[in-house]
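File shown: target-v8.txt (compact mmCIF, C-alpha atoms).
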# COMPACT_ATOMS: atom_id res chain seq x y z
CA MET O 1 2.17 14.06 -1.85
CA ASN O 2 -0.77 15.45 -3.76
CA PRO O 3 -3.40 13.22 -5.45
CA ALA O 4 -1.93 13.69 -8.94
CA ASP O 5 1.35 12.18 -7.73
CA TYR O 6 -0.40 8.94 -6.76
CA ASN O 7 -1.04 8.19 -10.43
CA SER O 8 2.71 8.15 -11.00
CA LEU O 9 3.16 5.32 -8.47
CA PRO O 10 3.70 1.79 -9.80
CA ALA O 11 0.58 -0.38 -10.14
CA LEU O 12 1.93 -2.74 -7.46
CA LEU O 13 3.86 -1.54 -4.42
CA THR O 14 6.02 -3.42 -1.96
CA VAL O 15 5.29 -3.38 1.76
CA GLU O 16 8.38 -1.21 2.26
CA GLU O 17 7.17 1.33 -0.33
CA VAL O 18 3.74 1.55 1.29
CA ALA O 19 5.31 1.91 4.73
CA SER O 20 7.40 4.79 3.45
CA LEU O 21 4.41 6.51 1.85
CA LEU O 22 2.33 6.11 5.02
CA ARG O 23 5.29 7.10 7.19
CA VAL O 24 4.90 4.06 9.40
CA GLY O 25 7.15 1.13 10.12
CA ARG O 26 7.42 -1.99 8.03
CA ASN O 27 5.94 -4.12 10.83
CA ALA O 28 2.92 -1.83 11.10
CA THR O 29 2.33 -2.24 7.37
CA TYR O 30 2.64 -6.04 7.59
CA SER O 31 0.08 -5.94 10.43
CA LEU O 32 -2.25 -3.88 8.26
CA VAL O 33 -1.91 -6.46 5.48
CA LYS O 34 -2.40 -9.40 7.85
CA SER O 35 -5.52 -7.89 9.44
CA GLY O 36 -7.07 -7.19 6.04
CA GLY O 37 -6.91 -3.44 6.61
CA ILE O 38 -5.42 -3.08 3.15
CA TYR O 39 -5.89 -5.39 0.19
CA SER O 40 -2.77 -7.23 -0.93
CA ILE O 41 -1.79 -10.03 -3.26
CA ARG O 42 0.93 -12.64 -3.07
CA ILE O 43 3.26 -13.28 -5.94
CA GLY O 44 5.35 -16.24 -4.93
CA HIS O 45 6.69 -15.35 -1.49
CA SER O 46 6.30 -11.61 -2.08
CA ILE O 47 3.45 -9.40 -0.94
CA ARG O 48 2.35 -6.63 -3.28
CA ILE O 49 -0.20 -3.91 -2.60
CA PRO O 50 -2.11 -2.48 -5.56
CA ARG O 51 -1.97 1.30 -5.90
CA ASN O 52 -5.79 1.42 -5.80
CA ALA O 53 -5.83 -0.36 -2.43
CA LEU O 54 -3.52 2.30 -1.02
CA LEU O 55 -5.75 5.04 -2.41
CA GLN O 56 -8.85 3.43 -0.87
CA LEU O 57 -7.10 3.34 2.51
CA LEU O 58 -6.31 7.03 2.23
CA GLU O 59 -9.83 8.10 1.20
CA PRO O 60 -11.55 10.07 3.93
CA ALA O 61 -14.44 8.23 5.59
CA GLN O 62 -17.80 9.59 4.57

Reformat the file's structure so that it appears as structure tokens.
Amino acid sequence: MNPADYNSLPALLTVEEVASLLRVGRNATYSLVKSGGIYSIRIGHSIRIPRNALLQLLEPAQ
């Protein structure tokens, strides 16, 4: 997926959507959320990950 495609993603993503984009398992994504490795918000019982948080995770370290 090229950077222009990221702008077409929804503003809030589910854990399953992020796992699919990162090509990792759902449990690995939940661990990333729990450890604070990626910013997330709770809406009721649901966890949502803002698109910008995913982009920050994917930025190369400088």

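One distance worth recording is that between CA of Glu16 in chain O and CA of Thr29 in chain O, which is 8.0 Å.
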
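Once Ile43 in chain O and its same-chain neighbours fewer than 3 positions away are set aside, Leu12, Leu13, Thr14, Ser40, Ser46, Ile47, Arg48 and Ile49 of chain O remain within 12 Å of it when counting all atoms listed in the file.
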
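Closest approach to Leu57 in chain O from the set O:Ala19, O:Asn7, O:Ile38, O:Ala28 is made by O:Ile38, with distances taken over all atoms listed in the file.
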
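Note that the spacing between CA of Arg51 in chain O and CA of Tyr6 in chain O amounts to 7.8 Å.
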
Point-to-point distance from CA of Leu21 in chain O to CA of Gly44 in chain O, Å rounded to tenths: 23.8 Å

Coords for range 31-42 of chain O, all heavy atoms, as a PDB file, in the first residue's frame:
ATOM      1  N   SER O  31      -1.905  -6.779  21.758  1.00  0.00           N
ATOM      2  CA  SER O  31      -0.729  -6.590  22.610  1.00  0.00           C
ATOM      3  C   SER O  31      -0.092  -5.226  22.361  1.00  0.00           C
ATOM      4  O   SER O  31       0.348  -4.563  23.309  1.00  0.00           O
ATOM      5  CB  SER O  31       0.303  -7.698  22.363  1.00  0.00           C
ATOM      6  OG  SER O  31      -0.181  -8.936  22.787  1.00  0.00           O
ATOM      7  N   LEU O  32      -0.034  -4.836  21.123  1.00  0.00           N
ATOM      8  CA  LEU O  32       0.513  -3.527  20.762  1.00  0.00           C
ATOM      9  C   LEU O  32      -0.320  -2.415  21.384  1.00  0.00           C
ATOM     10  O   LEU O  32       0.220  -1.445  21.918  1.00  0.00           O
ATOM     11  CB  LEU O  32       0.542  -3.399  19.240  1.00  0.00           C
ATOM     12  CG  LEU O  32       1.234  -2.203  18.627  1.00  0.00           C
ATOM     13  CD1 LEU O  32       2.711  -2.176  18.993  1.00  0.00           C
ATOM     14  CD2 LEU O  32       1.073  -2.238  17.117  1.00  0.00           C
ATOM     15  N   VAL O  33      -1.635  -2.569  21.359  1.00  0.00           N
ATOM     16  CA  VAL O  33      -2.537  -1.586  21.967  1.00  0.00           C
ATOM     17  C   VAL O  33      -2.335  -1.566  23.483  1.00  0.00           C
ATOM     18  O   VAL O  33      -2.187  -0.503  24.090  1.00  0.00           O
ATOM     19  CB  VAL O  33      -4.006  -1.902  21.609  1.00  0.00           C
ATOM     20  CG1 VAL O  33      -4.966  -1.120  22.495  1.00  0.00           C
ATOM     21  CG2 VAL O  33      -4.270  -1.621  20.138  1.00  0.00           C
ATOM     22  N   LYS O  34      -2.312  -2.749  24.093  1.00  0.00           N
ATOM     23  CA  LYS O  34      -2.198  -2.844  25.546  1.00  0.00           C
ATOM     24  C   LYS O  34      -0.886  -2.269  26.056  1.00  0.00           C
ATOM     25  O   LYS O  34      -0.843  -1.632  27.110  1.00  0.00           O
ATOM     26  CB  LYS O  34      -2.338  -4.306  25.981  1.00  0.00           C
ATOM     27  CG  LYS O  34      -2.355  -4.490  27.470  1.00  0.00           C
ATOM     28  CD  LYS O  34      -2.595  -5.931  27.853  1.00  0.00           C
ATOM     29  CE  LYS O  34      -2.606  -6.065  29.373  1.00  0.00           C
ATOM     30  NZ  LYS O  34      -2.823  -7.443  29.784  1.00  0.00           N
ATOM     31  N   SER O  35       0.195  -2.452  25.321  1.00  0.00           N
ATOM     32  CA  SER O  35       1.511  -1.966  25.737  1.00  0.00           C
ATOM     33  C   SER O  35       1.687  -0.470  25.479  1.00  0.00           C
ATOM     34  O   SER O  35       2.668   0.117  25.921  1.00  0.00           O
ATOM     35  CB  SER O  35       2.607  -2.733  25.011  1.00  0.00           C
ATOM     36  OG  SER O  35       2.651  -2.361  23.634  1.00  0.00           O
ATOM     37  N   GLY O  36       0.751   0.130  24.752  1.00  0.00           N
ATOM     38  CA  GLY O  36       0.886   1.542  24.414  1.00  0.00           C
ATOM     39  C   GLY O  36       1.738   1.773  23.181  1.00  0.00           C
ATOM     40  O   GLY O  36       2.105   2.903  22.881  1.00  0.00           O
ATOM     41  N   GLY O  37       2.054   0.706  22.465  1.00  0.00           N
ATOM     42  CA  GLY O  37       2.854   0.828  21.251  1.00  0.00           C
ATOM     43  C   GLY O  37       2.133   1.550  20.130  1.00  0.00           C
ATOM     44  O   GLY O  37       2.761   2.057  19.202  1.00  0.00           O
ATOM     45  N   ILE O  38       0.820   1.584  20.221  1.00  0.00           N
ATOM     46  CA  ILE O  38       0.012   2.335  19.264  1.00  0.00           C
ATOM     47  C   ILE O  38      -1.138   2.966  20.044  1.00  0.00           C
ATOM     48  O   ILE O  38      -1.720   2.341  20.941  1.00  0.00           O
ATOM     49  CB  ILE O  38      -0.506   1.451  18.107  1.00  0.00           C
ATOM     50  CG1 ILE O  38      -1.126   2.308  17.007  1.00  0.00           C
ATOM     51  CG2 ILE O  38      -1.463   0.394  18.595  1.00  0.00           C
ATOM     52  CD1 ILE O  38      -1.399   1.563  15.711  1.00  0.00           C
ATOM     53  N   TYR O  39      -1.417   4.208  19.746  1.00  0.00           N
ATOM     54  CA  TYR O  39      -2.485   4.937  20.421  1.00  0.00           C
ATOM     55  C   TYR O  39      -3.832   4.364  20.006  1.00  0.00           C
ATOM     56  O   TYR O  39      -4.045   4.042  18.836  1.00  0.00           O
ATOM     57  CB  TYR O  39      -2.407   6.419  20.062  1.00  0.00           C
ATOM     58  CG  TYR O  39      -3.537   7.234  20.647  1.00  0.00           C
ATOM     59  CD1 TYR O  39      -3.558   7.554  21.996  1.00  0.00           C
ATOM     60  CD2 TYR O  39      -4.595   7.652  19.858  1.00  0.00           C
ATOM     61  CE1 TYR O  39      -4.596   8.285  22.547  1.00  0.00           C
ATOM     62  CE2 TYR O  39      -5.643   8.390  20.387  1.00  0.00           C
ATOM     63  CZ  TYR O  39      -5.640   8.699  21.736  1.00  0.00           C
ATOM     64  OH  TYR O  39      -6.667   9.409  22.271  1.00  0.00           O
ATOM     65  N   SER O  40      -4.718   4.222  20.977  1.00  0.00           N
ATOM     66  CA  SER O  40      -6.069   3.733  20.685  1.00  0.00           C
ATOM     67  C   SER O  40      -7.055   4.436  21.596  1.00  0.00           C
ATOM     68  O   SER O  40      -6.676   5.018  22.616  1.00  0.00           O
ATOM     69  CB  SER O  40      -6.149   2.222  20.894  1.00  0.00           C
ATOM     70  OG  SER O  40      -5.929   1.902  22.256  1.00  0.00           O
ATOM     71  N   ILE O  41      -8.320   4.370  21.216  1.00  0.00           N
ATOM     72  CA  ILE O  41      -9.385   4.919  22.045  1.00  0.00           C
ATOM     73  C   ILE O  41     -10.446   3.848  22.233  1.00  0.00           C
ATOM     74  O   ILE O  41     -10.563   2.932  21.422  1.00  0.00           O
ATOM     75  CB  ILE O  41     -10.006   6.195  21.425  1.00  0.00           C
ATOM     76  CG1 ILE O  41     -10.587   5.913  20.034  1.00  0.00           C
ATOM     77  CG2 ILE O  41      -8.999   7.314  21.364  1.00  0.00           C
ATOM     78  CD1 ILE O  41     -11.357   7.068  19.451  1.00  0.00           C
ATOM     79  N   ARG O  42     -11.178   3.977  23.314  1.00  0.00           N
ATOM     80  CA  ARG O  42     -12.290   3.061  23.572  1.00  0.00           C
ATOM     81  C   ARG O  42     -13.588   3.795  23.319  1.00  0.00           C
ATOM     82  O   ARG O  42     -13.772   4.934  23.749  1.00  0.00           O
ATOM     83  CB  ARG O  42     -12.270   2.571  25.010  1.00  0.00           C
ATOM     84  CG  ARG O  42     -11.246   1.519  25.251  1.00  0.00           C
ATOM     85  CD  ARG O  42     -11.533   0.844  26.590  1.00  0.00           C
ATOM     86  NE  ARG O  42     -10.818  -0.404  26.666  1.00  0.00           N
ATOM     87  CZ  ARG O  42     -11.294  -1.580  26.252  1.00  0.00           C
ATOM     88  NH1 ARG O  42     -12.494  -1.672  25.750  1.00  0.00           N
ATOM     89  NH2 ARG O  42     -10.585  -2.659  26.350  1.00  0.00           N
TER      90      ARG O  42
END
